[in-house]
Amino acid sequence: MKNHADELAKNAAYIGTPGKGILAADESTGTIGKRLSSINVENVEENRRALRELLFTTPGALQYISGVILFEETLYQKTSPGKPFVQLLNEGGALPGIKVDQGTVELNGTNGETFTQGLDGLTQRCQKYYEAGARFSKWRAVLKISTNEPTELAIQENANGLAMYAAICQQCGLVPIVEPEILVDGSHDIKKCAYVTERVLAACYKALNDHHVMLEGTLLKPNMVTPGSESPKVAPEVIAEYTVRALQRTVPPAVPAIVFLSGGQSEEEATVNLNAMNKLNTKKPWSLSFSYGRALQQSTLKAWAGKKENVKKAQDAFLVRCKANSEATLGTYKGDAKLGEGAAESLHVKDYKY
C-alpha cells in the first residue's frame with residue numbers, strides 16, 4: 001500500500017469533491033434485468049450497454065459526477081462508436097470504480113442474517129481491474145433491524161469482512177468504499193435505527209483500524225438514519241440531525257467523504273434528505289455526498305423505455321437528478337427540480353439484493 005498511499009488519498013478526496021458524487025451503475029446482471037423488465041426491455045448485453053451509454057454520454061452530467069461504480073461486464077464495454085467506457089468517464093472527470101463483492105450468503109445459526117462473499121481471489125481480481133482502469137471499489141455488507149437483529153455475530157463478521165476487503169483493495173491501488181447497509185425494512189422508529197447505525201459503524205472503524213487500513217484512502221457508504229419502511233415518515237431535518245449525529249460519534253475525521261446510499265427512497269427524498277444534512281449547522285469534518293443507483297436512474301429509465309427516439313428525453317431526466325444532487329451536496333437545493341415520471345415514487349424493495 002505504501003506505493004499507492006498518495007494515489008489512494010488523492011482519489012478518495014477527489015471523489016468527495018463538494019458539488020460532485022457517485023453514480024452507482026454496478027447493478028448485477030440479475031438486478032439490472034429487473035429494472036429493464038419494469039420498462040419491458042429484454043435483459044441482454046446490448047440493452048444493458050445501451051442504458052449505461054445513455055447515462056455516461058448525457059451532455060453535462062459528468063460535471064456533477066466524480067466516480068461511477070461499474071459491474072465487471074460494464075468495465076470492459078464501449079460506446080456504440082467504439083470508445084471504451086473507462087476512457088469516456090476519465091475524459092469527463094469521473095473515476096471508474098468496480099463492484100468486487102460476490103453477493104451474500106446466510107450466516108449459519110442466525111435468523112436470516114448474511115455475510116458477504118468475495119474475498120477468495122480478490123487480490124487477483126483487483127489487480128486486473130486496476131489494469132483495466134478502475135481506481136475505486138465497492139463491497140456491500142447487509143444488516144437488518146428486527147427484535148433480536150442485528151446480532152453481535154452479524155455485526156462483527158460483516159465489519160471484519162469489510163476491513164479485509166478494504167485492506168486488499170488498498171494494496172492493489174483501489175480506494176475501497178466501505179458499505180455497511182442497514183436495511184430500511186421494518187417497523188422500528190428512527191431512534192432504533194440511530195442506535196443500530198452507531199453500533200455498526202463503531203464496529204466497522206474498529207475493524208478497519210485493526211486491519212491497518214489507511215482511512216484517508218477510503219470512503220464510507222452508509223444508510224441514512226430513518227424510521228423503518230413500515231413506520232410513519234419524519235421530516236428531512238430530523239433525518240439529517242439523527243444521521244449526522246450518528247456519523248459524528250463513529251466516523252473519524254480522517255475519512256474524506258461519506259457517500260450515502262439511497263436505500264429505496266424516492267429520487268426526490270434522497271436529494272432532499274442529503275440537502276438537509278448539508279444545511280445543518282454543526283461539525284462535519286467529512287464531505288457528505290451521494291452514491292445513488294435507483295435514486296439517479298428511476299425517472300431516466302421510465303423516460304427511455306428502451307426506445308432510441310427517447311434517449312434525449314431520458315438524458316434530460318438524468319441531468320435533472322445529477323444537478324439536483326450536486327446542489328444537495330452543497331446544501332443549496334431548492335426543491336425545484338422538474339420531477340420526471342417516477343421521481344416521487346418509493347423505490348423500496350424488501351430485502352433488497354444488489
# chains A, B, ... in the order shown; residues from 1 in each chain; ligands from 1
>>> residues_around(residues="Lys191 (chain A)", least_positions_apart="6", cutoff="10 Å", atoms="only C-alpha atoms", output="ChimeraX atom specification")
/A:197,225-227,242
>>> residues_around(residues="Met224 (chain A)", least_positions_apart="3", cutoff="8 Å", atoms="only C-alpha atoms", output="list in words")
Ile239, Thr243, Phe260, Leu261 and Ser262 of chain A
>>> residues_around(residues="region 295-299 of chain A", least_positions_apart="6", cutoff="8 Å", atoms="only C-alpha atoms", output="list in words")
Leu23, Ser262, Gly264, Gln265, Ser266, Glu267, Glu268, Ala270, Ala314, Ala317, Phe318, Arg321, Cys322, Gly340, Glu341, Gly342, Ala343 and Leu347 of chain A
>>> write_last_selection(atoms="C-alpha atoms", output="PDB file, in the first residue's frame")
ATOM      1  CA  LEU A  23     -23.355   7.231  -9.905  1.00  0.00           C
ATOM      2  CA  SER A 262     -30.411   5.856  -1.300  1.00  0.00           C
ATOM      3  CA  GLY A 264     -35.099   2.654  -1.722  1.00  0.00           C
ATOM      4  CA  GLN A 265     -36.005   6.300  -1.042  1.00  0.00           C
ATOM      5  CA  SER A 266     -37.664   8.072  -3.948  1.00  0.00           C
ATOM      6  CA  GLU A 267     -35.388  10.196  -6.134  1.00  0.00           C
ATOM      7  CA  GLU A 268     -36.679  13.402  -4.589  1.00  0.00           C
ATOM      8  CA  ALA A 270     -32.879  11.081  -1.415  1.00  0.00           C
ATOM      9  CA  ALA A 314     -34.160  10.221 -20.806  1.00  0.00           C
ATOM     10  CA  ALA A 317     -34.285  13.473 -16.867  1.00  0.00           C
ATOM     11  CA  PHE A 318     -30.886  12.112 -15.767  1.00  0.00           C
ATOM     12  CA  ARG A 321     -31.278  14.429 -10.972  1.00  0.00           C
ATOM     13  CA  CYS A 322     -27.482  14.849 -11.271  1.00  0.00           C
ATOM     14  CA  GLY A 340     -39.705  13.244 -14.035  1.00  0.00           C
ATOM     15  CA  GLU A 341     -42.178  10.359 -14.069  1.00  0.00           C
ATOM     16  CA  GLY A 342     -41.254   8.135 -11.143  1.00  0.00           C
ATOM     17  CA  ALA A 343     -39.208  10.756  -9.277  1.00  0.00           C
ATOM     18  CA  LEU A 347     -38.058   2.627  -4.766  1.00  0.00           C
TER      19      LEU A 347
END
>>> closest_residue(among="A:Leu247, A:Val100, A:Leu174, A:Val238", to="Ala5 (chain A)", atoms="only C-alpha atoms")
A:Leu174
>>> atom_distance(atom1="CA of Arg125 (chain A)", atom2="CA of Ser66 (chain A)")
23.0 Å
>>> select_by_dssp(residues="region 18-199 of chain A", states="strand (DSSP E)", output="ChimeraX atom specification")
/A:21-25,65-70,95-99,104-106,114-116,136-143,175-182
>>> write_last_selection(atoms="N, CA, C and O atoms", output="compact mmCIF listing (two decimals), in the first residue's frame")
# COMPACT_ATOMS: atom_id res chain seq x y z
N GLY A 21 -20.67 13.70 -6.90
CA GLY A 21 -20.98 12.46 -6.18
C GLY A 21 -20.82 11.27 -7.10
O GLY A 21 -20.31 11.39 -8.21
N ILE A 22 -21.28 10.12 -6.64
CA ILE A 22 -21.07 8.88 -7.36
C ILE A 22 -22.37 8.38 -7.99
O ILE A 22 -23.42 8.37 -7.35
N LEU A 23 -22.27 7.96 -9.25
CA LEU A 23 -23.35 7.23 -9.91
C LEU A 23 -23.07 5.75 -9.71
O LEU A 23 -22.03 5.25 -10.13
N ALA A 24 -23.98 5.05 -9.03
CA ALA A 24 -23.83 3.60 -8.87
C ALA A 24 -24.53 2.93 -10.05
O ALA A 24 -25.75 2.90 -10.13
N ALA A 25 -23.71 2.43 -11.00
CA ALA A 25 -24.25 1.74 -12.18
C ALA A 25 -23.71 0.32 -12.19
O ALA A 25 -23.36 -0.24 -13.22
N ILE A 65 -20.54 14.41 -11.46
CA ILE A 65 -20.22 13.03 -11.06
C ILE A 65 -18.70 12.87 -10.93
O ILE A 65 -17.97 13.14 -11.88
N SER A 66 -18.24 12.43 -9.75
CA SER A 66 -16.80 12.27 -9.56
C SER A 66 -16.36 10.82 -9.71
O SER A 66 -15.18 10.52 -9.86
N GLY A 67 -17.33 9.89 -9.68
CA GLY A 67 -17.00 8.48 -9.82
C GLY A 67 -18.22 7.71 -10.28
O GLY A 67 -19.36 8.10 -9.99
N VAL A 68 -17.98 6.63 -11.02
CA VAL A 68 -19.08 5.76 -11.47
C VAL A 68 -18.72 4.33 -11.10
O VAL A 68 -17.65 3.83 -11.50
N ILE A 69 -19.57 3.67 -10.32
CA ILE A 69 -19.31 2.27 -9.96
C ILE A 69 -19.85 1.39 -11.08
O ILE A 69 -21.02 1.51 -11.47
N LEU A 70 -18.99 0.51 -11.59
CA LEU A 70 -19.36 -0.36 -12.70
C LEU A 70 -19.46 -1.81 -12.25
O LEU A 70 -18.85 -2.21 -11.26
N LEU A 95 -14.02 9.16 -12.08
CA LEU A 95 -13.17 7.97 -11.91
C LEU A 95 -14.00 6.70 -12.07
O LEU A 95 -15.11 6.61 -11.52
N PRO A 96 -13.50 5.71 -12.80
CA PRO A 96 -14.22 4.44 -12.89
C PRO A 96 -13.99 3.60 -11.63
O PRO A 96 -12.87 3.52 -11.12
N GLY A 97 -15.08 3.01 -11.12
CA GLY A 97 -14.98 2.14 -9.96
C GLY A 97 -15.57 0.77 -10.30
O GLY A 97 -16.17 0.59 -11.36
N ILE A 98 -15.41 -0.18 -9.39
CA ILE A 98 -15.86 -1.54 -9.68
C ILE A 98 -16.44 -2.20 -8.44
O ILE A 98 -15.87 -2.09 -7.35
N LYS A 99 -17.57 -2.89 -8.62
CA LYS A 99 -18.14 -3.69 -7.54
C LYS A 99 -17.34 -4.99 -7.46
O LYS A 99 -17.18 -5.68 -8.47
N THR A 104 -24.35 -12.12 -1.09
CA THR A 104 -24.40 -12.54 0.32
C THR A 104 -24.81 -14.00 0.47
O THR A 104 -25.49 -14.56 -0.40
N VAL A 105 -24.36 -14.60 1.56
CA VAL A 105 -24.82 -15.94 1.94
C VAL A 105 -25.29 -15.87 3.38
O VAL A 105 -24.87 -14.99 4.14
N GLU A 106 -26.15 -16.81 3.75
CA GLU A 106 -26.69 -16.78 5.11
C GLU A 106 -25.63 -17.15 6.14
O GLU A 106 -24.80 -18.03 5.92
N THR A 114 -26.87 -12.22 7.06
CA THR A 114 -25.98 -12.61 5.97
C THR A 114 -24.54 -12.12 6.16
O THR A 114 -24.27 -11.22 6.96
N PHE A 115 -23.67 -12.73 5.36
CA PHE A 115 -22.27 -12.35 5.27
C PHE A 115 -21.98 -12.18 3.78
O PHE A 115 -22.57 -12.88 2.95
N THR A 116 -21.10 -11.26 3.44
CA THR A 116 -20.81 -11.00 2.03
C THR A 116 -19.62 -11.85 1.55
O THR A 116 -18.59 -11.92 2.22
N PHE A 136 -11.38 2.77 -7.86
CA PHE A 136 -12.01 2.57 -6.55
C PHE A 136 -12.91 1.35 -6.64
O PHE A 136 -13.16 0.81 -7.73
N SER A 137 -13.35 0.87 -5.48
CA SER A 137 -14.10 -0.38 -5.45
C SER A 137 -15.23 -0.29 -4.43
O SER A 137 -15.24 0.60 -3.58
N LYS A 138 -16.15 -1.25 -4.53
CA LYS A 138 -17.29 -1.26 -3.61
C LYS A 138 -17.58 -2.68 -3.14
O LYS A 138 -17.48 -3.63 -3.91
N TRP A 139 -17.93 -2.78 -1.86
CA TRP A 139 -18.30 -4.07 -1.26
C TRP A 139 -19.46 -3.79 -0.33
O TRP A 139 -19.36 -2.95 0.56
N ARG A 140 -20.56 -4.48 -0.52
CA ARG A 140 -21.78 -4.19 0.26
C ARG A 140 -22.03 -5.28 1.29
O ARG A 140 -22.19 -6.44 0.95
N ALA A 141 -22.04 -4.87 2.55
CA ALA A 141 -22.45 -5.75 3.64
C ALA A 141 -23.89 -5.37 3.98
O ALA A 141 -24.26 -4.20 3.88
N VAL A 142 -24.70 -6.33 4.37
CA VAL A 142 -26.12 -6.06 4.62
C VAL A 142 -26.52 -6.51 6.02
O VAL A 142 -26.27 -7.65 6.41
N LEU A 143 -27.12 -5.59 6.77
CA LEU A 143 -27.61 -5.92 8.11
C LEU A 143 -29.08 -5.53 8.19
O LEU A 143 -29.55 -4.69 7.43
N VAL A 175 -9.33 2.55 -4.13
CA VAL A 175 -9.94 3.17 -2.94
C VAL A 175 -11.18 2.34 -2.58
O VAL A 175 -12.11 2.26 -3.38
N PRO A 176 -11.21 1.73 -1.38
CA PRO A 176 -12.38 0.93 -1.04
C PRO A 176 -13.53 1.78 -0.50
O PRO A 176 -13.34 2.61 0.38
N ILE A 177 -14.72 1.57 -1.06
CA ILE A 177 -15.93 2.12 -0.46
C ILE A 177 -16.43 1.09 0.53
O ILE A 177 -16.68 -0.06 0.16
N VAL A 178 -16.51 1.49 1.80
CA VAL A 178 -16.97 0.60 2.86
C VAL A 178 -18.48 0.81 2.99
O VAL A 178 -18.93 1.90 3.34
N GLU A 179 -19.25 -0.24 2.67
CA GLU A 179 -20.71 -0.09 2.65
C GLU A 179 -21.39 -1.08 3.61
O GLU A 179 -21.69 -2.20 3.23
N PRO A 180 -21.63 -0.65 4.85
CA PRO A 180 -22.43 -1.49 5.75
C PRO A 180 -23.88 -1.02 5.71
O PRO A 180 -24.26 -0.13 6.45
N GLU A 181 -24.67 -1.60 4.83
CA GLU A 181 -26.05 -1.12 4.68
C GLU A 181 -26.97 -1.77 5.71
O GLU A 181 -27.09 -2.99 5.77
N ILE A 182 -27.63 -0.93 6.49
CA ILE A 182 -28.66 -1.42 7.39
C ILE A 182 -29.99 -1.20 6.66
O ILE A 182 -30.36 -0.07 6.38
>>> residues_around(residues="Gly161 (chain A)", least_positions_apart="3", cutoff="9 Å", atoms="only C-alpha atoms", output="ChimeraX atom specification")
/A:115-117,119,141,156-158,164-166,207
>>> residues_around(residues="region 280-291 of chain A", least_positions_apart="3", cutoff="9 Å", atoms="only C-alpha atoms", output="JSON, numbers by chain")
{"A": [16, 17, 18, 19, 20, 21, 22, 23, 24, 67, 68, 69, 221, 237, 240, 241, 244, 247, 248, 251, 252, 253, 254, 255, 256, 257, 258, 259, 260, 261, 262, 270, 271, 274, 275, 276, 277, 325, 326, 328, 329, 330, 331]}
>>> write_last_selection(atoms="N, CA and C atoms", output="CSV table (one decimal), in the first residue's frame")
chain,number,residue,atom,x,y,z
A,16,GLY,N,-14.8,12.8,-3.2
A,16,GLY,CA,-15.6,13.6,-2.2
A,16,GLY,C,-15.6,15.1,-2.5
A,17,THR,N,-15.2,15.5,-3.7
A,17,THR,CA,-15.3,16.9,-4.0
A,17,THR,C,-16.7,17.5,-3.9
A,18,PRO,N,-16.9,18.5,-3.0
A,18,PRO,CA,-18.3,19.1,-2.9
A,18,PRO,C,-18.8,19.5,-4.2
A,19,GLY,N,-20.1,19.2,-4.5
A,19,GLY,CA,-20.7,19.5,-5.8
A,19,GLY,C,-20.7,18.3,-6.7
A,20,LYS,N,-20.0,17.2,-6.3
A,20,LYS,CA,-20.0,16.0,-7.1
A,20,LYS,C,-20.3,14.8,-6.2
A,21,GLY,N,-20.7,13.7,-6.9
A,21,GLY,CA,-21.0,12.5,-6.2
A,21,GLY,C,-20.8,11.3,-7.1
A,22,ILE,N,-21.3,10.1,-6.6
A,22,ILE,CA,-21.1,8.9,-7.4
A,22,ILE,C,-22.4,8.4,-8.0
A,23,LEU,N,-22.3,8.0,-9.2
A,23,LEU,CA,-23.4,7.2,-9.9
A,23,LEU,C,-23.1,5.7,-9.7
A,24,ALA,N,-24.0,5.0,-9.0
A,24,ALA,CA,-23.8,3.6,-8.9
A,24,ALA,C,-24.5,2.9,-10.0
A,67,GLY,N,-17.3,9.9,-9.7
A,67,GLY,CA,-17.0,8.5,-9.8
A,67,GLY,C,-18.2,7.7,-10.3
A,68,VAL,N,-18.0,6.6,-11.0
A,68,VAL,CA,-19.1,5.8,-11.5
A,68,VAL,C,-18.7,4.3,-11.1
A,69,ILE,N,-19.6,3.7,-10.3
A,69,ILE,CA,-19.3,2.3,-10.0
A,69,ILE,C,-19.9,1.4,-11.1
A,221,LYS,N,-20.0,4.4,2.7
A,221,LYS,CA,-21.3,4.4,2.0
A,221,LYS,C,-22.3,3.9,3.0
A,237,GLU,N,-35.3,17.3,8.1
A,237,GLU,CA,-34.4,17.9,9.1
A,237,GLU,C,-34.2,16.9,10.2
A,240,ALA,N,-31.7,14.4,9.0
A,240,ALA,CA,-30.4,15.0,8.9
A,240,ALA,C,-29.7,15.0,10.3
A,241,GLU,N,-30.5,15.4,11.3
A,241,GLU,CA,-30.0,15.5,12.7
A,241,GLU,C,-29.5,14.2,13.2
A,244,VAL,N,-26.4,12.8,10.9
A,244,VAL,CA,-25.1,13.4,11.2
A,244,VAL,C,-24.6,13.1,12.6
A,247,LEU,N,-22.9,9.8,12.7
A,247,LEU,CA,-21.6,9.8,12.0
A,247,LEU,C,-20.6,10.6,12.8
A,248,GLN,N,-21.0,11.7,13.5
A,248,GLN,CA,-20.0,12.4,14.3
A,248,GLN,C,-19.5,11.5,15.4
A,251,VAL,N,-17.5,8.1,12.9
A,251,VAL,CA,-16.6,8.1,11.8
A,251,VAL,C,-15.4,9.1,11.9
A,252,PRO,N,-14.2,8.6,12.0
A,252,PRO,CA,-13.1,9.5,12.2
A,252,PRO,C,-12.9,10.6,11.1
A,253,PRO,N,-12.4,11.8,11.5
A,253,PRO,CA,-12.3,12.9,10.5
A,253,PRO,C,-11.3,12.6,9.4
A,254,ALA,N,-10.5,11.5,9.6
A,254,ALA,CA,-9.5,11.1,8.5
A,254,ALA,C,-10.2,10.7,7.3
A,255,VAL,N,-11.5,10.2,7.4
A,255,VAL,CA,-12.3,9.8,6.2
A,255,VAL,C,-12.6,11.0,5.4
A,256,PRO,N,-12.3,11.1,4.1
A,256,PRO,CA,-12.5,12.3,3.4
A,256,PRO,C,-14.0,12.6,3.1
A,257,ALA,N,-14.7,11.5,2.8
A,257,ALA,CA,-16.1,11.7,2.4
A,257,ALA,C,-17.0,10.5,2.7
A,258,ILE,N,-18.3,10.9,3.0
A,258,ILE,CA,-19.3,9.9,3.2
A,258,ILE,C,-20.3,10.0,2.1
A,259,VAL,N,-20.5,8.9,1.4
A,259,VAL,CA,-21.4,9.0,0.2
A,259,VAL,C,-22.6,8.1,0.5
A,260,PHE,N,-23.7,8.7,0.7
A,260,PHE,CA,-24.9,7.9,1.1
A,260,PHE,C,-25.5,7.0,0.0
A,261,LEU,N,-26.0,5.9,0.5
A,261,LEU,CA,-26.8,5.0,-0.4
A,261,LEU,C,-28.2,5.5,-0.3
A,262,SER,N,-29.0,5.3,-1.3
A,262,SER,CA,-30.4,5.9,-1.3
A,262,SER,C,-31.4,4.9,-0.6
A,270,ALA,N,-34.3,11.3,-1.6
A,270,ALA,CA,-32.9,11.1,-1.4
A,270,ALA,C,-32.1,12.4,-1.6
A,271,THR,N,-32.6,13.2,-2.5
A,271,THR,CA,-32.0,14.6,-2.7
A,271,THR,C,-32.3,15.5,-1.5
A,274,LEU,N,-30.4,14.6,1.7
A,274,LEU,CA,-28.9,14.9,1.6
A,274,LEU,C,-28.8,16.4,1.8
A,275,ASN,N,-29.6,17.2,1.1
A,275,ASN,CA,-29.6,18.6,1.2
A,275,ASN,C,-29.7,19.1,2.7
A,276,ALA,N,-30.7,18.5,3.4
A,276,ALA,CA,-30.9,18.9,4.8
A,276,ALA,C,-29.7,18.6,5.6
A,277,MET,N,-28.9,17.6,5.4
A,277,MET,CA,-27.7,17.3,6.1
A,277,MET,C,-26.6,18.4,5.8
A,325,ASN,N,-28.8,16.6,-7.1
A,325,ASN,CA,-28.0,16.0,-6.1
A,325,ASN,C,-26.6,16.8,-5.9
A,326,SER,N,-26.1,17.3,-7.0
A,326,SER,CA,-24.9,18.2,-6.9
A,326,SER,C,-25.2,19.3,-5.9
A,328,ALA,N,-27.5,19.4,-3.7
A,328,ALA,CA,-27.7,18.9,-2.3
A,328,ALA,C,-26.4,18.7,-1.5
A,329,THR,N,-25.3,18.4,-2.3
A,329,THR,CA,-24.0,18.2,-1.6
A,329,THR,C,-23.5,19.6,-1.1
A,330,LEU,N,-24.1,20.6,-1.6
A,330,LEU,CA,-23.7,22.0,-1.2
A,330,LEU,C,-24.7,22.6,-0.2
A,331,GLY,N,-25.9,21.9,0.0
A,331,GLY,CA,-26.9,22.4,0.8
A,331,GLY,C,-27.7,23.6,0.1
